[in-house]
>>> print(open('coords_20.cif').read())   # mmCIF, C-alpha atoms
data_query
loop_
_atom_site.label_atom_id
_atom_site.label_comp_id
_atom_site.auth_asym_id
_atom_site.auth_seq_id
_atom_site.Cartn_x
_atom_site.Cartn_y
_atom_site.Cartn_z
CA MET U 287 -34.21 57.58 40.87
CA ALA U 288 -32.81 56.56 37.57
CA PRO U 289 -32.51 52.83 36.83
CA ALA U 290 -28.99 51.36 37.10
CA SER U 291 -27.26 50.88 33.83
CA PRO U 292 -26.19 47.31 32.90
CA PRO U 293 -22.46 46.50 33.47
CA THR U 294 -20.23 47.08 30.54
CA ILE U 295 -18.19 44.19 29.18
CA ASN U 296 -14.54 44.97 28.53
CA SER U 297 -13.84 43.99 24.95
CA SER U 298 -10.11 43.56 25.61
CA CYS U 299 -10.94 41.12 28.38
CA ARG U 300 -13.23 39.22 26.04
CA ARG U 301 -10.54 38.98 23.40
CA ARG U 302 -7.93 37.83 25.93
CA LYS U 303 -10.18 35.09 27.20
CA SER U 304 -11.15 33.91 23.77
CA GLY U 305 -7.51 33.97 22.70
CA THR U 306 -6.54 31.89 25.71
CA ALA U 307 -9.23 29.39 24.93
CA LYS U 308 -8.10 29.18 21.37
CA HIS U 309 -4.48 28.58 22.48
CA LYS U 310 -5.59 25.80 24.79
CA GLU U 311 -7.56 24.17 22.00
CA GLY U 312 -4.55 24.34 19.67
CA SER U 313 -2.10 22.95 22.27
CA ALA U 314 -4.41 20.08 23.09
CA GLY U 315 -4.07 18.75 19.53
CA ALA U 316 -0.20 19.06 19.26
CA GLU U 317 2.25 16.26 20.31
CA PRO U 318 4.04 16.90 23.61
CA PRO U 319 7.90 17.19 23.54
CA LEU U 320 9.91 13.96 24.11
CA PRO U 321 11.25 13.39 27.62
CA ARG U 322 15.02 13.44 28.19
CA ASP U 323 15.12 9.70 28.89
CA THR U 324 13.61 9.00 25.46
CA TRP U 325 16.27 11.12 23.75
CA ALA U 326 18.99 9.27 25.66
CA ASN U 327 17.56 5.91 24.57
CA LEU U 328 17.43 7.04 20.93
CA LYS U 329 21.08 8.17 21.06
CA PHE U 330 22.11 4.83 22.58
CA CYS U 331 20.24 2.88 19.87
CA PHE U 332 21.96 4.95 17.18
CA PHE U 333 25.39 4.28 18.73
CA LEU U 334 24.63 0.55 19.01
CA SER U 335 23.56 0.42 15.35
CA CYS U 336 26.84 2.05 14.26
CA LEU U 337 28.79 -0.44 16.39
CA LEU U 338 26.99 -3.44 14.89
CA ILE U 339 27.64 -2.17 11.37
CA GLY U 340 31.34 -1.86 12.20
CA LEU U 341 31.47 -5.38 13.61
CA LYS U 342 29.71 -6.73 10.53
CA THR U 343 32.59 -5.33 8.47
CA VAL U 344 35.42 -6.53 10.74
CA LEU U 345 34.24 -9.99 11.85
CA PRO U 346 34.33 -11.73 8.43
CA THR U 347 37.97 -10.72 8.05
CA MET U 348 38.89 -11.96 11.52
CA ALA U 349 36.98 -15.23 11.09
CA SER U 350 38.74 -16.00 7.83
CA GLY U 351 42.13 -15.76 9.53
CA ASP U 352 43.29 -13.27 6.93
CA ASP U 353 45.98 -10.95 8.33
CA SER U 354 45.76 -8.57 5.38
CA PRO U 355 44.68 -4.97 6.05
CA ILE U 356 40.95 -4.18 5.97
CA PHE U 357 41.46 -1.18 3.69
CA GLU U 358 43.07 -1.67 0.30
CA ASP U 359 45.13 1.51 0.53
CA ASP U 360 46.49 0.63 3.97
CA GLU U 361 50.29 0.45 3.89
CA SER U 362 50.57 -1.20 7.32
CA PRO U 363 52.52 -4.51 7.76
CA PRO U 364 50.67 -7.85 7.60
CA TYR U 365 50.53 -8.13 11.40
CA SER U 366 48.27 -5.83 13.40
CA LEU U 367 48.96 -3.72 16.46
CA GLU U 368 46.42 -5.79 18.38
CA LYS U 369 48.40 -8.93 17.62
CA MET U 370 51.55 -7.35 19.00
CA THR U 371 49.93 -6.04 22.17
CA ASP U 372 48.18 -9.36 22.92
CA LEU U 373 51.54 -11.13 23.46
CA VAL U 374 51.53 -11.95 27.17
CA ALA U 375 54.17 -14.67 27.69
CA VAL U 376 57.34 -16.07 26.09
CA TRP U 377 59.24 -19.17 27.20
CA ASP U 378 62.49 -20.80 26.01
CA VAL U 379 62.34 -24.57 26.48
CA ALA U 380 65.52 -26.62 26.11
CA LEU U 381 64.79 -30.12 24.78
CA SER U 382 67.08 -32.74 23.34
CA ASP U 383 66.49 -31.58 19.78
CA GLY U 384 67.17 -27.89 20.59
CA VAL U 385 65.90 -24.81 22.39
CA HIS U 386 62.32 -24.02 21.41
CA LYS U 387 60.62 -20.63 21.75
CA ILE U 388 56.98 -20.66 22.85
CA GLU U 389 54.89 -17.49 22.55
CA PHE U 390 51.35 -17.00 23.81
CA GLU U 391 48.83 -14.31 22.89
CA HIS U 392 45.77 -13.74 25.06
CA GLY U 393 43.11 -11.14 24.26
CA THR U 394 41.53 -10.30 27.60
CA THR U 395 38.66 -8.51 25.81
CA SER U 396 37.82 -11.04 23.08
CA GLY U 397 39.26 -14.11 24.82
CA LYS U 398 41.50 -14.81 21.81
CA ARG U 399 44.20 -17.44 22.33
CA VAL U 400 47.14 -17.99 19.97
CA VAL U 401 50.14 -20.29 20.55
CA TYR U 402 53.35 -20.07 18.50
CA VAL U 403 56.18 -22.61 18.61
CA ASP U 404 59.41 -21.40 16.98
CA GLY U 405 57.39 -18.76 15.13
CA LYS U 406 54.87 -21.24 13.73
CA GLU U 407 51.22 -20.93 14.72
CA GLU U 408 50.05 -24.07 16.50
CA ILE U 409 46.74 -22.97 18.05
CA ARG U 410 44.35 -20.12 17.28
CA LYS U 411 40.99 -19.60 18.97
CA GLU U 412 38.93 -16.44 18.47
CA TRP U 413 36.20 -14.96 20.68
CA MET U 414 36.45 -17.21 23.72
CA PHE U 415 33.85 -16.29 26.35
CA LYS U 416 35.82 -18.13 29.05
CA LEU U 417 39.02 -16.17 29.72
CA VAL U 418 40.66 -18.81 31.95
CA GLY U 419 41.57 -22.40 31.11
CA LYS U 420 44.42 -24.23 29.38
CA GLU U 421 45.85 -24.98 25.94
CA THR U 422 47.77 -28.19 25.18
CA PHE U 423 50.11 -28.76 22.22
CA CYS U 424 53.34 -30.56 21.23
CA VAL U 425 56.89 -29.24 21.05
CA GLY U 426 59.94 -30.57 19.23
CA ALA U 427 60.75 -33.65 17.19
CA ALA U 428 59.82 -35.98 20.04
CA LYS U 429 56.34 -34.36 20.27
CA THR U 430 56.83 -33.40 23.90
CA LYS U 431 53.53 -32.46 25.57
CA ALA U 432 53.24 -28.83 26.65
CA THR U 433 50.36 -27.04 28.40
CA ILE U 434 49.77 -23.34 29.02
CA ASN U 435 47.59 -22.63 32.08
CA ILE U 436 45.60 -19.38 32.26
CA ASP U 437 44.56 -18.39 35.79
CA ALA U 438 42.87 -15.24 37.05
CA ILE U 439 44.73 -13.41 39.81
CA SER U 440 42.44 -10.46 40.57
CA GLY U 441 40.11 -8.34 38.48
CA PHE U 442 41.42 -8.39 34.91
CA ALA U 443 44.92 -9.64 35.84
CA TYR U 444 45.96 -13.11 34.67
CA GLU U 445 48.84 -15.50 35.34
CA TYR U 446 50.31 -17.76 32.64
CA THR U 447 52.32 -20.88 33.49
CA LEU U 448 53.88 -23.48 31.22
CA GLU U 449 53.97 -27.20 31.95
CA ILE U 450 56.14 -29.74 30.13
CA ASN U 451 55.11 -33.39 30.41
CA GLY U 452 52.80 -32.51 33.30
CA LYS U 453 55.46 -30.67 35.32
CA SER U 454 56.08 -26.96 35.79
CA LEU U 455 58.82 -25.62 33.54
CA LYS U 456 61.13 -25.04 36.50
CA LYS U 457 60.58 -28.55 37.85
CA TYR U 458 61.00 -30.05 34.39
CA MET U 459 64.32 -28.26 33.81
CA GLU U 460 65.59 -29.32 37.23
CA ASN U 461 64.71 -32.94 36.46
CA ARG U 462 66.16 -32.65 32.96
CA SER U 463 69.53 -31.50 34.30
CA LYS U 464 69.74 -34.83 36.13
CA THR U 465 68.82 -36.99 33.12
CA THR U 466 70.72 -35.22 30.30
CA ASN U 467 74.13 -33.74 29.50
CA THR U 468 74.60 -30.86 27.07
CA TRP U 469 77.67 -29.61 25.24
CA VAL U 470 78.13 -26.74 22.80
CA LEU U 471 81.10 -26.75 20.40
CA HIS U 472 82.31 -24.79 17.41
CA LEU U 473 83.50 -26.80 14.41
CA ASP U 474 84.32 -25.63 10.88
CA GLY U 475 82.74 -22.23 11.49
CA GLU U 476 79.48 -23.70 12.78
CA ASP U 477 77.98 -24.12 16.27
CA PHE U 478 76.80 -27.55 17.38
CA ARG U 479 74.67 -28.46 20.39
CA VAL U 480 75.14 -32.07 21.52
CA VAL U 481 72.73 -33.61 24.02
CA LEU U 482 72.98 -37.01 25.71
CA GLU U 483 69.86 -38.59 27.21
CA LYS U 484 71.25 -40.69 30.05
CA ASP U 485 68.24 -42.98 30.44
CA THR U 486 68.27 -44.11 26.79
CA MET U 487 71.86 -43.14 25.79
CA ASP U 488 70.40 -41.37 22.74
CA VAL U 489 72.59 -38.61 21.29
CA TRP U 490 71.14 -35.50 19.61
CA CYS U 491 73.03 -32.92 17.60
CA ASN U 492 71.38 -29.70 16.39
CA GLY U 493 67.94 -31.24 16.55
CA LYS U 494 68.81 -34.56 14.88
CA LYS U 495 69.10 -37.93 16.52
CA MET U 496 72.56 -39.31 15.76
CA GLU U 497 73.54 -42.82 14.76
CA THR U 498 75.78 -44.16 17.50
CA ALA U 499 77.91 -47.21 18.23
CA GLY U 500 78.66 -48.22 21.81
CA GLU U 501 81.61 -50.23 23.10
CA PHE U 502 82.98 -51.31 26.45
CA VAL U 503 86.44 -50.13 27.56
CA ASP U 504 88.53 -50.87 30.63
CA ASP U 505 87.19 -48.03 32.77
CA GLY U 506 83.64 -47.74 31.40
CA THR U 507 81.85 -47.33 28.06
CA GLU U 508 82.20 -45.16 24.97
CA THR U 509 79.41 -44.05 22.63
CA HIS U 510 80.84 -43.11 19.21
CA PHE U 511 79.33 -40.86 16.53
CA SER U 512 80.46 -38.34 13.93
CA VAL U 513 79.82 -34.63 13.44
CA GLY U 514 80.80 -33.77 9.89
CA ASN U 515 84.34 -35.10 9.44
CA HIS U 516 85.04 -35.08 13.14
CA ASP U 517 85.14 -38.21 15.30
CA CYS U 518 83.29 -37.85 18.59
CA TYR U 519 82.49 -40.09 21.51
CA ILE U 520 80.94 -39.78 24.93
CA LYS U 521 82.84 -41.61 27.64
CA ALA U 522 80.99 -42.87 30.72
CA VAL U 523 82.94 -43.75 33.86
CA SER U 524 81.94 -44.30 37.47
CA SER U 525 82.60 -41.44 39.85
CA GLY U 526 82.99 -43.81 42.76
CA LYS U 527 80.43 -41.71 44.66
CA ARG U 528 76.83 -42.74 45.06
CA LYS U 529 75.40 -39.20 44.77
CA GLU U 530 77.36 -38.32 41.62
CA GLY U 531 76.82 -41.66 39.87
CA ILE U 532 78.16 -41.94 36.32
CA ILE U 533 80.27 -39.13 34.82
CA HIS U 534 79.84 -38.46 31.09
CA THR U 535 82.49 -36.66 29.07
CA LEU U 536 82.39 -35.57 25.41
CA ILE U 537 85.60 -36.06 23.43
CA VAL U 538 85.94 -34.49 19.95
CA ASP U 539 89.14 -35.10 17.97
CA ASN U 540 90.79 -36.33 21.20
CA ARG U 541 89.88 -33.03 22.94
CA GLU U 542 87.57 -32.84 25.94
CA ILE U 543 84.62 -30.45 25.57
CA PRO U 544 83.35 -28.68 28.72
CA GLU U 545 79.72 -29.37 29.63
CA LEU U 546 77.08 -26.64 29.34
CA LEU U 547 74.88 -26.18 32.38
CA GLU U 548 71.36 -25.22 31.15
#
>>> encode(input="coords_20.cif", output="structure tokens")
Amino acid sequence: MAPASPPTINSSCRRRKSGTAKHKEGSAGAEPPLPRDTWANLKFCFFLSCLLIGLKTVLPTMASGDDSPIFEDDESPPYSLEKMTDLVAVWDVALSDGVHKIEFEHGTTSGKRVVYVDGKEEIRKEWMFKLVGKETFCVGAAKTKATINIDAISGFAYEYTLEINGKSLKKYMENRSKTTNTWVLHLDGEDFRVVLEKDTMDVWCNGKKMETAGEFVDDGTETHFSVGNHDCYIKAVSSGKRKEGIIHTLIVDNREIPELLE
């Protein structure tokens, strides 16, 4: 019996195995691919860097209070669209020296607060972290105290209320109608607004306190003053009724002027 021949080794098999081993050795030395979470973090960091660079360009301009455009070739007006859209409340307040317009801007993202009185900026605060609160300022020649209250209603909704001398605007106007009389007249092509403060008997005309002279007459008192070349006086007589009290009437050139109910 012939001796068994030794098993033959398949050369292709040997090459395949050696090639596989070589591939494993090469892959062991290479860096593995980055996970998806790592790519997402890198993208977020890149976006954040771009945002910070943009803020670094914009913030110095905002902090300086300069309303000029950021870009030199920008033909836009001096006020920005953001300034227009941040206007949240407007009030008309009738005082003795005239009707004053109060405007309030509130940036619900940045917390910015700006108060204008008759178009003039009285308060400006940028980047307020607290979105609710109050702002106090003065209005008119008599420096009347005014306060704007900012209250949160729900979510990102806010309510803005105006107080004059510690009272709500509605309550203040109701009380004012009891303590003042107002007349509007047209003289020499010009409109005049005359206000009498009953508690002090001060007379205001178009925002100016008038020089007056009072005298007693048979049925009451008269407070005399002049508007241009026109003689005026306010006559005060008793109504004879406790609820109505004293009745005040404006006479200009011997003509009675009807009262304006504000």
>>> atom_distance(input="coords_20.cif", atom1="atom CA of U:Val513", atom2="atom CA of U:Ile533")
21.9 Å
>>> atom_distance(input="coords_20.cif", atom1="atom CA of U:Glu389", atom2="atom CA of U:Asp488")
28.5 Å
>>> residues_around(input="coords_20.cif", residues="U:Glu542", least_positions_apart="2", cutoff="12 Å", atoms="all atoms listed in the file", output="PyMOL selection string")
chain U and resi 469-471+518-521+534-540+544-545
>>> atom_distance(input="coords_20.cif", atom1="atom CA of U:Gly506", atom2="atom CA of U:Val523")
4.7 Å
>>> resolve_selection(input="coords_20.cif", expression="the PyMOL selection byres ((chain U and resi 401) around 8)", output="list in words")
Ile388, Glu389, Phe390, Glu391, Arg399, Val400, Tyr402, Val403, Glu407, Glu408, Ile409 and Arg410 of chain U
